[in-house]
>>> print(open('model-v8.txt').read())   # compact mmCIF, C-alpha atoms and all ligand atoms
# COMPACT_ATOMS: atom_id res chain seq x y z
CA MET A 590 0.00 0.00 0.00
CA LEU A 591 1.32 3.43 -0.97
CA ASP A 592 2.61 5.41 1.98
CA ARG A 593 0.05 8.08 2.68
CA ARG A 594 1.05 8.92 6.24
CA PHE A 595 1.37 12.62 5.61
CA ALA A 596 -0.14 15.12 3.19
CA ILE A 597 -0.51 18.88 2.82
CA ALA A 598 -4.04 19.93 1.95
CA PRO A 599 -5.28 21.47 -1.27
CA MET A 600 -5.84 25.17 -0.55
CA MET A 601 -7.10 27.63 -3.13
CA ASP A 602 -4.86 30.64 -3.61
CA TRP A 603 -2.30 29.07 -1.29
CA THR A 604 -0.92 25.74 -2.55
CA ASP A 605 0.23 26.95 -5.96
CA ARG A 606 3.41 25.56 -7.48
CA HIS A 607 5.69 28.06 -5.70
CA CYS A 608 4.21 27.15 -2.35
CA ARG A 609 4.54 23.45 -3.10
CA MET A 610 8.23 23.87 -3.98
CA PHE A 611 8.75 25.60 -0.65
CA HIS A 612 6.94 22.84 1.22
CA ARG A 613 8.83 20.14 -0.63
CA LEU A 614 12.11 21.62 0.57
CA MET A 615 10.96 21.01 4.14
CA THR A 616 9.59 17.49 3.70
CA ARG A 617 10.49 14.87 1.12
CA ARG A 618 7.68 12.60 2.22
CA ALA A 619 4.52 14.74 2.26
CA ARG A 620 2.05 14.14 -0.53
CA LEU A 621 1.29 17.58 -1.94
CA TYR A 622 -2.03 18.71 -3.41
CA THR A 623 -2.75 21.46 -5.92
CA GLU A 624 -5.39 24.10 -5.44
CA MET A 625 -8.75 22.88 -6.72
CA LEU A 626 -9.15 23.30 -10.46
CA THR A 627 -12.57 22.91 -12.06
CA THR A 628 -12.93 20.45 -14.88
CA GLY A 629 -13.93 23.40 -17.09
CA ALA A 630 -10.67 25.22 -16.36
CA VAL A 631 -8.60 22.11 -17.01
CA ILE A 632 -10.38 21.27 -20.25
CA HIS A 633 -10.74 24.78 -21.70
CA GLY A 634 -8.13 26.89 -19.84
CA ASP A 635 -4.45 27.67 -20.29
CA ARG A 636 -3.20 24.24 -19.30
CA ALA A 637 0.50 25.03 -19.12
CA ARG A 638 -0.18 27.86 -16.68
CA LEU A 639 -2.80 26.04 -14.62
CA LEU A 640 -1.28 22.58 -14.50
CA GLY A 641 2.45 23.08 -14.95
CA PHE A 642 4.63 22.06 -12.02
CA ASP A 643 8.25 21.26 -11.20
CA ALA A 644 9.33 17.62 -11.21
CA PHE A 645 10.86 18.24 -7.78
CA GLU A 646 7.33 18.46 -6.32
CA HIS A 647 6.55 14.73 -6.67
CA PRO A 648 4.51 13.11 -5.24
CA VAL A 649 1.86 15.66 -6.15
CA ALA A 650 -1.89 15.26 -6.65
CA LEU A 651 -4.18 17.32 -8.85
CA GLN A 652 -7.45 18.22 -7.18
CA LEU A 653 -10.46 18.51 -9.46
CA GLY A 654 -13.81 20.17 -8.87
CA GLY A 655 -16.67 18.92 -10.98
CA SER A 656 -19.47 16.38 -11.16
CA ASP A 657 -19.98 15.46 -14.78
CA PRO A 658 -18.38 12.01 -15.16
CA ARG A 659 -17.37 12.61 -18.77
CA ASP A 660 -15.66 15.93 -17.95
CA LEU A 661 -14.01 14.42 -14.89
CA ALA A 662 -12.58 11.61 -17.01
CA ILE A 663 -11.22 14.06 -19.60
CA ALA A 664 -9.72 16.36 -16.95
CA ALA A 665 -8.21 13.43 -15.04
CA LYS A 666 -6.53 12.15 -18.20
CA ILE A 667 -5.11 15.62 -18.90
CA GLY A 668 -3.75 15.64 -15.33
CA GLU A 669 -2.19 12.22 -15.76
CA ASP A 670 -0.56 13.33 -19.02
CA PHE A 671 0.92 16.33 -17.20
CA GLY A 672 2.63 13.92 -14.83
CA TYR A 673 0.50 14.14 -11.67
CA ASP A 674 0.71 11.16 -9.34
CA GLU A 675 -2.92 11.21 -8.23
CA ILE A 676 -6.26 12.77 -9.13
CA ASN A 677 -8.34 13.91 -6.16
CA LEU A 678 -12.00 14.82 -6.39
CA ASN A 679 -13.26 17.68 -4.21
CA VAL A 680 -16.41 16.70 -2.33
CA GLY A 681 -15.77 19.01 0.59
CA CYS A 682 -15.55 22.63 -0.51
CA PRO A 683 -18.60 24.64 0.55
CA SER A 684 -18.21 27.98 -1.27
CA ASP A 685 -21.22 29.43 -3.08
CA ARG A 686 -19.50 29.41 -6.42
CA VAL A 687 -18.85 25.75 -5.98
CA LYS A 688 -22.39 25.03 -4.81
CA ASP A 689 -23.89 26.63 -7.92
CA GLY A 690 -21.62 24.59 -10.13
CA ARG A 691 -22.88 21.37 -8.47
CA PHE A 692 -19.60 20.25 -7.08
CA GLY A 693 -17.73 20.33 -3.82
CA ALA A 694 -19.48 19.52 -0.56
CA CYS A 695 -23.01 19.57 -2.01
CA LEU A 696 -22.08 16.30 -3.73
CA MET A 697 -22.23 14.58 -0.32
CA ALA A 698 -25.97 14.46 -1.12
CA GLU A 699 -25.35 12.72 -4.44
CA PRO A 700 -23.19 9.69 -3.66
CA ALA A 701 -24.26 7.82 -6.80
CA LEU A 702 -23.10 10.68 -9.03
CA VAL A 703 -19.77 10.91 -7.17
CA ALA A 704 -19.28 7.16 -7.60
CA GLU A 705 -20.02 7.48 -11.30
CA GLY A 706 -17.41 10.24 -11.55
CA VAL A 707 -14.81 8.12 -9.76
CA ALA A 708 -15.56 5.14 -12.00
CA ALA A 709 -15.19 7.33 -15.10
CA MET A 710 -11.84 8.70 -13.88
CA LYS A 711 -10.59 5.21 -13.02
CA ARG A 712 -11.39 4.06 -16.53
CA ALA A 713 -9.52 7.05 -17.95
CA VAL A 714 -6.27 6.95 -15.95
CA GLY A 715 -3.76 4.53 -14.47
CA ILE A 716 -2.78 6.73 -11.51
CA ALA A 717 -4.52 6.80 -8.12
CA VAL A 718 -7.97 8.40 -7.91
CA THR A 719 -9.00 9.65 -4.47
CA VAL A 720 -11.86 11.60 -2.92
CA LYS A 721 -11.73 14.37 -0.32
CA CYS A 722 -15.00 14.78 1.53
CA ARG A 723 -16.68 15.92 4.73
CA ILE A 724 -18.45 13.65 7.24
CA GLY A 725 -21.75 15.06 5.99
CA ILE A 726 -23.61 18.24 5.10
CA ASP A 727 -26.49 20.16 6.65
CA ASP A 728 -28.96 17.81 8.35
CA GLN A 729 -27.40 14.60 7.05
CA ASP A 730 -26.64 11.92 9.64
CA PRO A 731 -22.84 11.46 9.35
CA GLU A 732 -23.16 7.80 10.35
CA THR A 733 -25.04 6.98 7.17
CA ALA A 734 -23.97 9.80 4.84
CA LEU A 735 -20.22 9.17 5.14
CA ASP A 736 -20.58 5.38 4.88
CA GLU A 737 -22.79 5.67 1.85
CA LEU A 738 -20.41 8.00 0.05
CA ALA A 739 -17.38 5.93 1.03
CA ARG A 740 -18.93 2.60 0.00
CA GLY A 741 -19.96 4.02 -3.37
CA VAL A 742 -16.61 5.52 -4.30
CA VAL A 743 -14.64 2.50 -3.04
CA ALA A 744 -16.83 0.18 -5.12
CA ALA A 745 -16.13 2.51 -8.06
CA GLY A 746 -12.39 2.05 -7.54
CA ALA A 747 -11.29 4.97 -5.33
CA ASP A 748 -7.78 4.34 -4.02
CA ALA A 749 -8.11 6.38 -0.82
CA LEU A 750 -10.44 8.70 1.03
CA ILE A 751 -9.49 11.94 2.74
CA VAL A 752 -12.06 13.03 5.29
CA HIS A 753 -12.29 16.54 6.72
CA ALA A 754 -13.74 15.50 10.06
CA ARG A 755 -16.59 17.98 10.27
CA LYS A 756 -19.81 18.66 8.44
CA ALA A 757 -20.21 21.50 5.97
CA TRP A 758 -23.26 23.62 6.57
CA LEU A 759 -24.14 24.88 3.13
CA ASN A 760 -26.74 27.43 4.13
CA GLY A 761 -25.63 30.30 6.28
CA LEU A 762 -21.92 29.81 6.87
CA SER A 763 -19.10 31.32 4.81
CA PRO A 764 -16.41 28.94 3.52
CA LYS A 765 -14.10 30.20 6.26
CA GLU A 766 -16.71 29.62 8.98
CA ASN A 767 -17.27 26.16 7.52
CA ARG A 768 -13.64 25.36 8.34
CA ASP A 769 -14.07 26.26 12.01
CA ILE A 770 -17.64 26.21 13.26
CA PRO A 771 -19.10 22.76 12.55
CA PRO A 772 -17.63 20.60 15.32
CA LEU A 773 -14.79 18.19 14.60
CA ASP A 774 -15.58 14.49 15.00
CA TYR A 775 -12.37 12.51 14.59
CA HIS A 776 -14.02 9.38 15.97
CA ARG A 777 -16.43 9.34 13.06
CA VAL A 778 -13.41 9.05 10.75
CA TYR A 779 -11.82 6.37 12.96
CA ARG A 780 -15.06 4.37 12.71
CA LEU A 781 -14.96 4.64 8.93
CA LYS A 782 -11.46 3.16 8.98
CA ALA A 783 -12.61 0.37 11.29
CA ALA A 784 -15.48 -0.41 8.92
CA MET A 785 -13.18 -0.36 5.87
CA PRO A 786 -9.84 -1.67 7.10
CA ASP A 787 -8.48 -2.26 3.60
CA VAL A 788 -9.14 1.26 2.33
CA PRO A 789 -6.54 3.98 3.01
CA ILE A 790 -8.26 6.64 5.10
CA ILE A 791 -6.62 10.02 5.68
CA ILE A 792 -7.90 12.33 8.39
CA ASN A 793 -7.99 16.14 8.08
CA GLY A 794 -9.25 19.12 10.02
CA GLY A 795 -7.96 21.17 12.93
CA ILE A 796 -4.70 19.27 13.40
CA ALA A 797 -2.23 21.79 14.77
CA GLY A 798 1.12 20.26 13.83
CA ILE A 799 3.26 17.17 13.41
CA THR A 800 3.20 16.23 17.10
CA GLU A 801 -0.59 16.46 17.07
CA ALA A 802 -0.71 14.41 13.85
CA LYS A 803 1.04 11.40 15.34
CA PRO A 804 -1.75 9.99 17.57
CA HIS A 805 -4.15 9.87 14.61
CA LEU A 806 -1.85 7.40 12.91
CA GLY A 807 -2.89 4.82 15.48
CA HIS A 808 -6.41 4.93 14.00
CA VAL A 809 -6.10 5.87 10.33
CA ASP A 810 -3.52 5.63 7.54
CA GLY A 811 -2.61 9.25 7.18
CA VAL A 812 -2.95 12.83 8.30
CA MET A 813 -3.47 15.86 6.09
CA LEU A 814 -2.50 19.29 7.42
CA GLY A 815 -3.92 22.45 5.89
CA ARG A 816 -3.66 25.77 7.68
CA ALA A 817 -0.97 24.66 10.13
CA ALA A 818 1.30 23.71 7.23
CA TYR A 819 0.73 26.95 5.37
CA GLN A 820 0.64 29.46 8.20
CA GLU A 821 3.46 27.90 10.23
CA PRO A 822 5.55 26.16 7.58
CA TRP A 823 8.52 25.67 9.93
CA ARG A 824 6.49 22.84 11.44
CA LEU A 825 7.11 20.84 8.26
CA LEU A 826 10.80 20.52 9.11
CA SER A 827 9.86 17.94 11.74
CA ALA A 828 7.57 15.87 9.47
CA ASP A 829 10.17 13.52 8.03
CA PRO A 830 12.00 12.94 11.36
CA GLU A 831 8.86 12.48 13.45
CA LEU A 832 6.60 10.60 11.06
CA PHE A 833 9.09 8.68 8.94
CA GLY A 834 12.22 8.43 11.09
CA GLU A 835 14.23 10.14 8.37
CA PRO A 836 16.32 13.31 8.57
CA ALA A 837 14.73 16.57 7.49
CA PRO A 838 15.92 17.74 4.07
CA HIS A 839 17.37 20.87 5.73
CA ALA A 840 18.29 21.70 9.29
CA THR A 841 17.04 25.28 9.40
CA MET A 842 14.69 27.60 7.58
CA LYS A 843 17.68 29.61 6.37
CA ASP A 844 19.01 26.46 4.69
CA VAL A 845 15.60 25.97 3.09
CA PHE A 846 15.76 29.44 1.61
CA ALA A 847 19.31 28.87 0.37
CA ALA A 848 18.06 25.75 -1.41
CA MET A 849 15.07 27.65 -2.82
CA THR A 850 17.16 30.48 -4.28
CA PRO A 851 18.08 28.86 -7.63
CA TYR A 852 14.38 28.11 -8.20
CA ILE A 853 13.44 31.70 -7.41
CA GLU A 854 16.14 33.05 -9.71
CA SER A 855 14.97 30.83 -12.53
CA GLU A 856 11.35 31.91 -11.99
CA LEU A 857 12.29 35.60 -11.95
CA ALA A 858 14.19 35.12 -15.21
CA GLN A 859 10.97 33.78 -16.74
CA GLY A 860 8.98 36.82 -15.64
CA THR A 861 7.47 35.63 -12.33
CA ARG A 862 7.17 38.45 -9.77
CA LEU A 863 9.14 37.93 -6.55
CA HIS A 864 6.05 38.56 -4.46
CA SER A 865 4.15 35.67 -6.11
CA ILE A 866 6.72 33.40 -4.44
CA THR A 867 7.62 35.25 -1.23
CA ARG A 868 3.97 35.75 -0.23
CA HIS A 869 4.10 32.13 0.94
CA PHE A 870 6.96 32.84 3.36
CA VAL A 871 5.06 35.00 5.86
CA GLY A 872 5.07 32.41 8.65
CA ALA A 873 8.52 30.98 7.95
CA PHE A 874 10.32 32.42 10.98
CA PHE A 875 7.47 32.34 13.47
CA GLY A 876 8.82 32.83 16.98
CA VAL A 877 12.36 33.72 15.90
CA PRO A 878 13.74 37.19 16.77
CA GLY A 879 13.70 39.27 13.60
CA ALA A 880 10.66 37.54 12.09
CA ARG A 881 8.63 40.72 12.06
CA ALA A 882 11.41 42.69 10.34
CA PHE A 883 11.68 39.84 7.80
CA ARG A 884 7.97 40.06 7.02
CA ARG A 885 8.02 43.84 6.84
CA ARG A 886 11.00 43.91 4.48
CA LEU A 887 9.29 41.41 2.16
CA ALA A 888 5.99 43.29 2.32
CA GLU A 889 7.59 46.65 1.53
CA ASN A 890 10.25 45.73 -1.01
CA GLY A 891 9.17 42.32 -2.29
CA VAL A 892 6.08 43.69 -4.01
CA LYS A 893 7.98 46.08 -6.28
CA PRO A 894 7.69 44.97 -9.89
CA ASP A 895 11.46 44.68 -10.36
CA ALA A 896 12.16 43.11 -6.96
CA GLY A 897 14.97 40.57 -7.18
CA VAL A 898 16.20 37.78 -4.95
CA ASP A 899 18.39 40.27 -3.08
CA VAL A 900 15.25 41.52 -1.34
CA LEU A 901 14.76 38.04 0.08
CA ARG A 902 18.42 37.80 1.10
CA GLU A 903 18.23 41.15 2.87
CA ALA A 904 15.03 40.12 4.64
CA ILE A 905 16.59 36.84 5.79
CA ALA A 906 19.63 38.70 7.13
CA LEU A 907 17.30 40.47 9.57
CA VAL A 908 16.44 37.17 11.25
CA GLU A 909 18.52 35.90 14.12
CA ASP A 910 20.88 33.12 13.10
CA ARG A 911 19.68 30.00 14.81
CA ALA A 912 17.55 26.95 14.14
CA ALA A 913 14.18 28.22 12.99
CA ALA A 914 11.54 28.35 15.68
CA PRO A 915 10.67 25.56 18.08
CA ILE A 916 10.81 22.84 15.46
CA ALA A 917 9.76 20.00 17.70
CA ALA A 918 6.76 21.92 19.09
C1 LIG A 1001 -7.34 29.20 2.08
C2 LIG A 1001 -7.94 27.81 2.01
C3 LIG A 1001 -8.29 27.30 0.77
C4 LIG A 1001 -8.83 26.01 0.67
N1 LIG A 1001 -9.07 25.48 -0.58
C5 LIG A 1001 -9.46 24.18 -0.70
C6 LIG A 1001 -9.54 23.54 -1.97
O1 LIG A 1001 -9.25 24.11 -3.03
N2 LIG A 1001 -9.94 22.24 -1.99
C7 LIG A 1001 -10.24 21.55 -0.85
O2 LIG A 1001 -10.58 20.37 -0.92
N3 LIG A 1001 -10.15 22.12 0.36
C8 LIG A 1001 -9.75 23.41 0.46
N4 LIG A 1001 -9.57 23.95 1.70
C9 LIG A 1001 -9.81 23.12 2.90
C10 LIG A 1001 -8.52 22.41 3.32
O3 LIG A 1001 -8.06 21.52 2.33
C11 LIG A 1001 -8.76 21.62 4.63
O4 LIG A 1001 -9.70 20.61 4.37
C12 LIG A 1001 -9.26 22.51 5.76
O5 LIG A 1001 -8.52 23.72 5.84
C13 LIG A 1001 -9.19 21.78 7.11
O6 LIG A 1001 -7.86 21.40 7.41
P1 LIG A 1001 -6.95 22.26 8.46
O7 LIG A 1001 -7.77 22.46 9.68
O8 LIG A 1001 -5.72 21.43 8.65
O9 LIG A 1001 -6.67 23.57 7.77
C14 LIG A 1001 -9.05 25.24 1.82
C15 LIG A 1001 -8.70 25.77 3.07
C16 LIG A 1001 -8.13 27.04 3.17
C17 LIG A 1001 -7.72 27.57 4.52
>>> encode(input="model-v8.txt", output="structure tokens")
Amino acid sequence: MLDRRFAIAPMMDWTDRHCRMFHRLMTRRARLYTEMLTTGAVIHGDRARLLGFDAFEHPVALQLGGSDPRDLAIAAKIGEDFGYDEINLNVGCPSDRVKDGRFGACLMAEPALVAEGVAAMKRAVGIAVTVKCRIGIDDQDPETALDELARGVVAAGADALIVHARKAWLNGLSPKENRDIPPLDYHRVYRLKAAMPDVPIIINGGIAGITEAKPHLGHVDGVMLGRAAYQEPWRLLSADPELFGEPAPHATMKDVFAAMTPYIESELAQGTRLHSITRHFVGAFFGVPGARAFRRRLAENGVKPDAGVDVLREAIALVEDRAAAPIAA
């Protein structure tokens, strides 16, 4: 069984290819996920811009939003041809835009359609097809709703399920509120694993760091971190040591940035703005003296159209020289 112990969540506007490069420099073992792309964007959009990624990012999964099985199959095949390692279907995102398009969390109410979509993708590609869902929506009973969805997609060939361990309430809450207000129910996800011992089940939602991730691995196959990974990326430096017993790719955040510099220089040479990359670094030095000056320098000088990698170097020089933050925390 593929090792799915650790993953970093798909996050729109956050987990773009620059962010994923940064994360990959802190953990070799995390499975990375793209931002959600709709099937329409994948099929009709600028594919090189939307789907392009660096080979260094592997293993990386493309997350799709959609519900039409034919479109899902076409988009999944395009993703496979681009070199993605996995196609993940979004059945958890509650935003209005997504609701109107009949995909995301509202599909929890249409398990047969989701299963059809998974079956169509499985016929179209040879790579893993997975589903990311909630434990239920609105007034659904999570005991039946999650089982029904899971049974359907597993019978259709899904290779793993990622469960955000709370409901989505589609009427009344903003997407942000839907990530915090509906209560977490990790035990519901543990029960799913117990009922389907042969199916890889990954738990997600409200997990604060690597130390907090570990106990879940006694119940399920993997843990997916979202906001903690993005907002406090220094935590990722302890993922490989703590979860896999392997050394971290780099000892300190400063080493991570040194390793990232050739990538940044190459991106700048191709016309990427520095800020598109450095915007992901805001939390890098959390807790280290100089972190605020680092952020301020990037905010003030990194946004200039001609900003070069020197701005990043100067910002890093403002941070005290020691191992970044309380890595084992
Ligand atoms: C800014 C942001 C964007 C998100 N975009 C997506 C998305 O595109 N697809 C998706 O399945 N979930 C998305 N999510 C939800 C996360 O993948 C994850 O399920 C959620 O944040 C709970 O995990 P956490 O508590 O570890 O952050 C997003 C979350 C955030 C904070």
>>> residues_near_ligand(input="model-v8.txt", ligand="ligand LIG 1001 (chain A)", cutoff="10 Å", atoms="all atoms listed in the file", output="ChimeraX atom specification")
/A:597-604,622-627,652-654,677-684,693-694,720-723,751-755,764-765,767-769,773,792-798,812-820
>>> residues_around(input="model-v8.txt", residues="Asp899 (chain A)", least_positions_apart="5", cutoff="12 Å", atoms="only C-alpha atoms", output="JSON, numbers by chain")
{"A": [847, 850, 853, 854, 857, 863, 886, 887, 890, 891, 904, 905, 906]}
>>> closest_residue(input="model-v8.txt", among="A:Ala650, A:Ile667, A:Met610, A:Leu826", to="Arg636 (chain A)", atoms="only C-alpha atoms")
A:Ile667
>>> closest_residue(input="model-v8.txt", among="A:Asp727, A:Glu903, A:Asp736, A:Asp674", to="Leu621 (chain A)", atoms="all atoms listed in the file")
A:Asp674
>>> atom_distance(input="model-v8.txt", atom1="CA of Leu750 (chain A)", atom2="CA of Arg691 (chain A)")
20.1 Å
>>> atom_distance(input="model-v8.txt", atom1="CA of Val892 (chain A)", atom2="CA of Phe875 (chain A)")
20.9 Å
>>> closest_residue(input="model-v8.txt", among="A:Ala747, A:Glu801, A:Arg881, A:Met615", to="Ser827 (chain A)", atoms="all atoms listed in the file")
A:Met615
>>> build_atoms(input="model-v8.txt", residues="region 629-639 of chain A", atoms="all heavy atoms", output="PDB file, in the frame of the given file")
ATOM      1  N   GLY A 629     -13.834  22.430 -15.992  1.00  0.00           N
ATOM      2  CA  GLY A 629     -13.930  23.400 -17.090  1.00  0.00           C
ATOM      3  C   GLY A 629     -12.615  24.113 -17.317  1.00  0.00           C
ATOM      4  O   GLY A 629     -12.178  24.295 -18.460  1.00  0.00           O
ATOM      5  N   ALA A 630     -11.955  24.525 -16.228  1.00  0.00           N
ATOM      6  CA  ALA A 630     -10.670  25.220 -16.360  1.00  0.00           C
ATOM      7  C   ALA A 630      -9.622  24.288 -16.966  1.00  0.00           C
ATOM      8  O   ALA A 630      -8.845  24.680 -17.835  1.00  0.00           O
ATOM      9  CB  ALA A 630     -10.204  25.744 -14.996  1.00  0.00           C
ATOM     10  N   VAL A 631      -9.611  23.052 -16.509  1.00  0.00           N
ATOM     11  CA  VAL A 631      -8.600  22.110 -17.010  1.00  0.00           C
ATOM     12  C   VAL A 631      -8.830  21.816 -18.498  1.00  0.00           C
ATOM     13  O   VAL A 631      -7.891  21.773 -19.297  1.00  0.00           O
ATOM     14  CB  VAL A 631      -8.639  20.791 -16.191  1.00  0.00           C
ATOM     15  CG1 VAL A 631      -7.745  19.729 -16.814  1.00  0.00           C
ATOM     16  CG2 VAL A 631      -8.227  21.059 -14.747  1.00  0.00           C
ATOM     17  N   ILE A 632     -10.090  21.671 -18.863  1.00  0.00           N
ATOM     18  CA  ILE A 632     -10.380  21.270 -20.250  1.00  0.00           C
ATOM     19  C   ILE A 632     -10.228  22.462 -21.210  1.00  0.00           C
ATOM     20  O   ILE A 632      -9.673  22.322 -22.294  1.00  0.00           O
ATOM     21  CB  ILE A 632     -11.793  20.651 -20.349  1.00  0.00           C
ATOM     22  CG1 ILE A 632     -11.849  19.343 -19.531  1.00  0.00           C
ATOM     23  CG2 ILE A 632     -12.175  20.373 -21.805  1.00  0.00           C
ATOM     24  CD1 ILE A 632     -13.244  18.764 -19.324  1.00  0.00           C
ATOM     25  N   HIS A 633     -10.709  23.645 -20.761  1.00  0.00           N
ATOM     26  CA  HIS A 633     -10.740  24.780 -21.700  1.00  0.00           C
ATOM     27  C   HIS A 633      -9.693  25.847 -21.412  1.00  0.00           C
ATOM     28  O   HIS A 633      -9.522  26.753 -22.228  1.00  0.00           O
ATOM     29  CB  HIS A 633     -12.124  25.440 -21.663  1.00  0.00           C
ATOM     30  CG  HIS A 633     -13.242  24.475 -21.930  1.00  0.00           C
ATOM     31  ND1 HIS A 633     -13.397  23.853 -23.152  1.00  0.00           N
ATOM     32  CD2 HIS A 633     -14.242  24.005 -21.138  1.00  0.00           C
ATOM     33  CE1 HIS A 633     -14.445  23.035 -23.083  1.00  0.00           C
ATOM     34  NE2 HIS A 633     -14.968  23.108 -21.879  1.00  0.00           N
ATOM     35  N   GLY A 634      -9.020  25.794 -20.248  1.00  0.00           N
ATOM     36  CA  GLY A 634      -8.130  26.890 -19.840  1.00  0.00           C
ATOM     37  C   GLY A 634      -6.726  26.763 -20.392  1.00  0.00           C
ATOM     38  O   GLY A 634      -6.425  25.882 -21.206  1.00  0.00           O
ATOM     39  N   ASP A 635      -5.856  27.646 -19.906  1.00  0.00           N
ATOM     40  CA  ASP A 635      -4.450  27.670 -20.290  1.00  0.00           C
ATOM     41  C   ASP A 635      -3.740  26.576 -19.479  1.00  0.00           C
ATOM     42  O   ASP A 635      -3.301  26.798 -18.354  1.00  0.00           O
ATOM     43  CB  ASP A 635      -3.896  29.073 -19.976  1.00  0.00           C
ATOM     44  CG  ASP A 635      -2.408  29.182 -20.236  1.00  0.00           C
ATOM     45  OD1 ASP A 635      -1.751  28.150 -20.526  1.00  0.00           O
ATOM     46  OD2 ASP A 635      -1.892  30.313 -20.137  1.00  0.00           O
ATOM     47  N   ARG A 636      -3.652  25.414 -20.079  1.00  0.00           N
ATOM     48  CA  ARG A 636      -3.200  24.240 -19.300  1.00  0.00           C
ATOM     49  C   ARG A 636      -1.785  24.384 -18.762  1.00  0.00           C
ATOM     50  O   ARG A 636      -1.507  24.007 -17.631  1.00  0.00           O
ATOM     51  CB  ARG A 636      -3.277  22.980 -20.172  1.00  0.00           C
ATOM     52  CG  ARG A 636      -4.697  22.546 -20.385  1.00  0.00           C
ATOM     53  CD  ARG A 636      -4.766  21.279 -21.214  1.00  0.00           C
ATOM     54  NE  ARG A 636      -6.114  21.163 -21.748  1.00  0.00           N
ATOM     55  CZ  ARG A 636      -6.468  20.356 -22.718  1.00  0.00           C
ATOM     56  NH1 ARG A 636      -5.568  19.562 -23.277  1.00  0.00           N
ATOM     57  NH2 ARG A 636      -7.714  20.317 -23.129  1.00  0.00           N
ATOM     58  N   ALA A 637      -0.899  24.930 -19.580  1.00  0.00           N
ATOM     59  CA  ALA A 637       0.500  25.030 -19.120  1.00  0.00           C
ATOM     60  C   ALA A 637       0.553  25.893 -17.851  1.00  0.00           C
ATOM     61  O   ALA A 637       1.258  25.564 -16.898  1.00  0.00           O
ATOM     62  CB  ALA A 637       1.364  25.631 -20.210  1.00  0.00           C
ATOM     63  N   ARG A 638      -0.221  26.971 -17.842  1.00  0.00           N
ATOM     64  CA  ARG A 638      -0.180  27.860 -16.680  1.00  0.00           C
ATOM     65  C   ARG A 638      -0.872  27.228 -15.479  1.00  0.00           C
ATOM     66  O   ARG A 638      -0.397  27.292 -14.350  1.00  0.00           O
ATOM     67  CB  ARG A 638      -0.869  29.191 -17.020  1.00  0.00           C
ATOM     68  CG  ARG A 638      -0.756  30.248 -15.930  1.00  0.00           C
ATOM     69  CD  ARG A 638      -1.427  31.550 -16.340  1.00  0.00           C
ATOM     70  NE  ARG A 638      -2.847  31.424 -16.599  1.00  0.00           N
ATOM     71  CZ  ARG A 638      -3.788  31.393 -15.655  1.00  0.00           C
ATOM     72  NH1 ARG A 638      -3.455  31.446 -14.388  1.00  0.00           N
ATOM     73  NH2 ARG A 638      -5.063  31.289 -15.986  1.00  0.00           N
ATOM     74  N   LEU A 639      -2.014  26.578 -15.732  1.00  0.00           N
ATOM     75  CA  LEU A 639      -2.800  26.040 -14.620  1.00  0.00           C
ATOM     76  C   LEU A 639      -2.204  24.761 -14.048  1.00  0.00           C
ATOM     77  O   LEU A 639      -2.275  24.515 -12.839  1.00  0.00           O
ATOM     78  CB  LEU A 639      -4.232  25.757 -15.075  1.00  0.00           C
ATOM     79  CG  LEU A 639      -5.103  26.970 -15.434  1.00  0.00           C
ATOM     80  CD1 LEU A 639      -6.384  26.524 -16.122  1.00  0.00           C
ATOM     81  CD2 LEU A 639      -5.431  27.768 -14.169  1.00  0.00           C
TER      82      LEU A 639
END
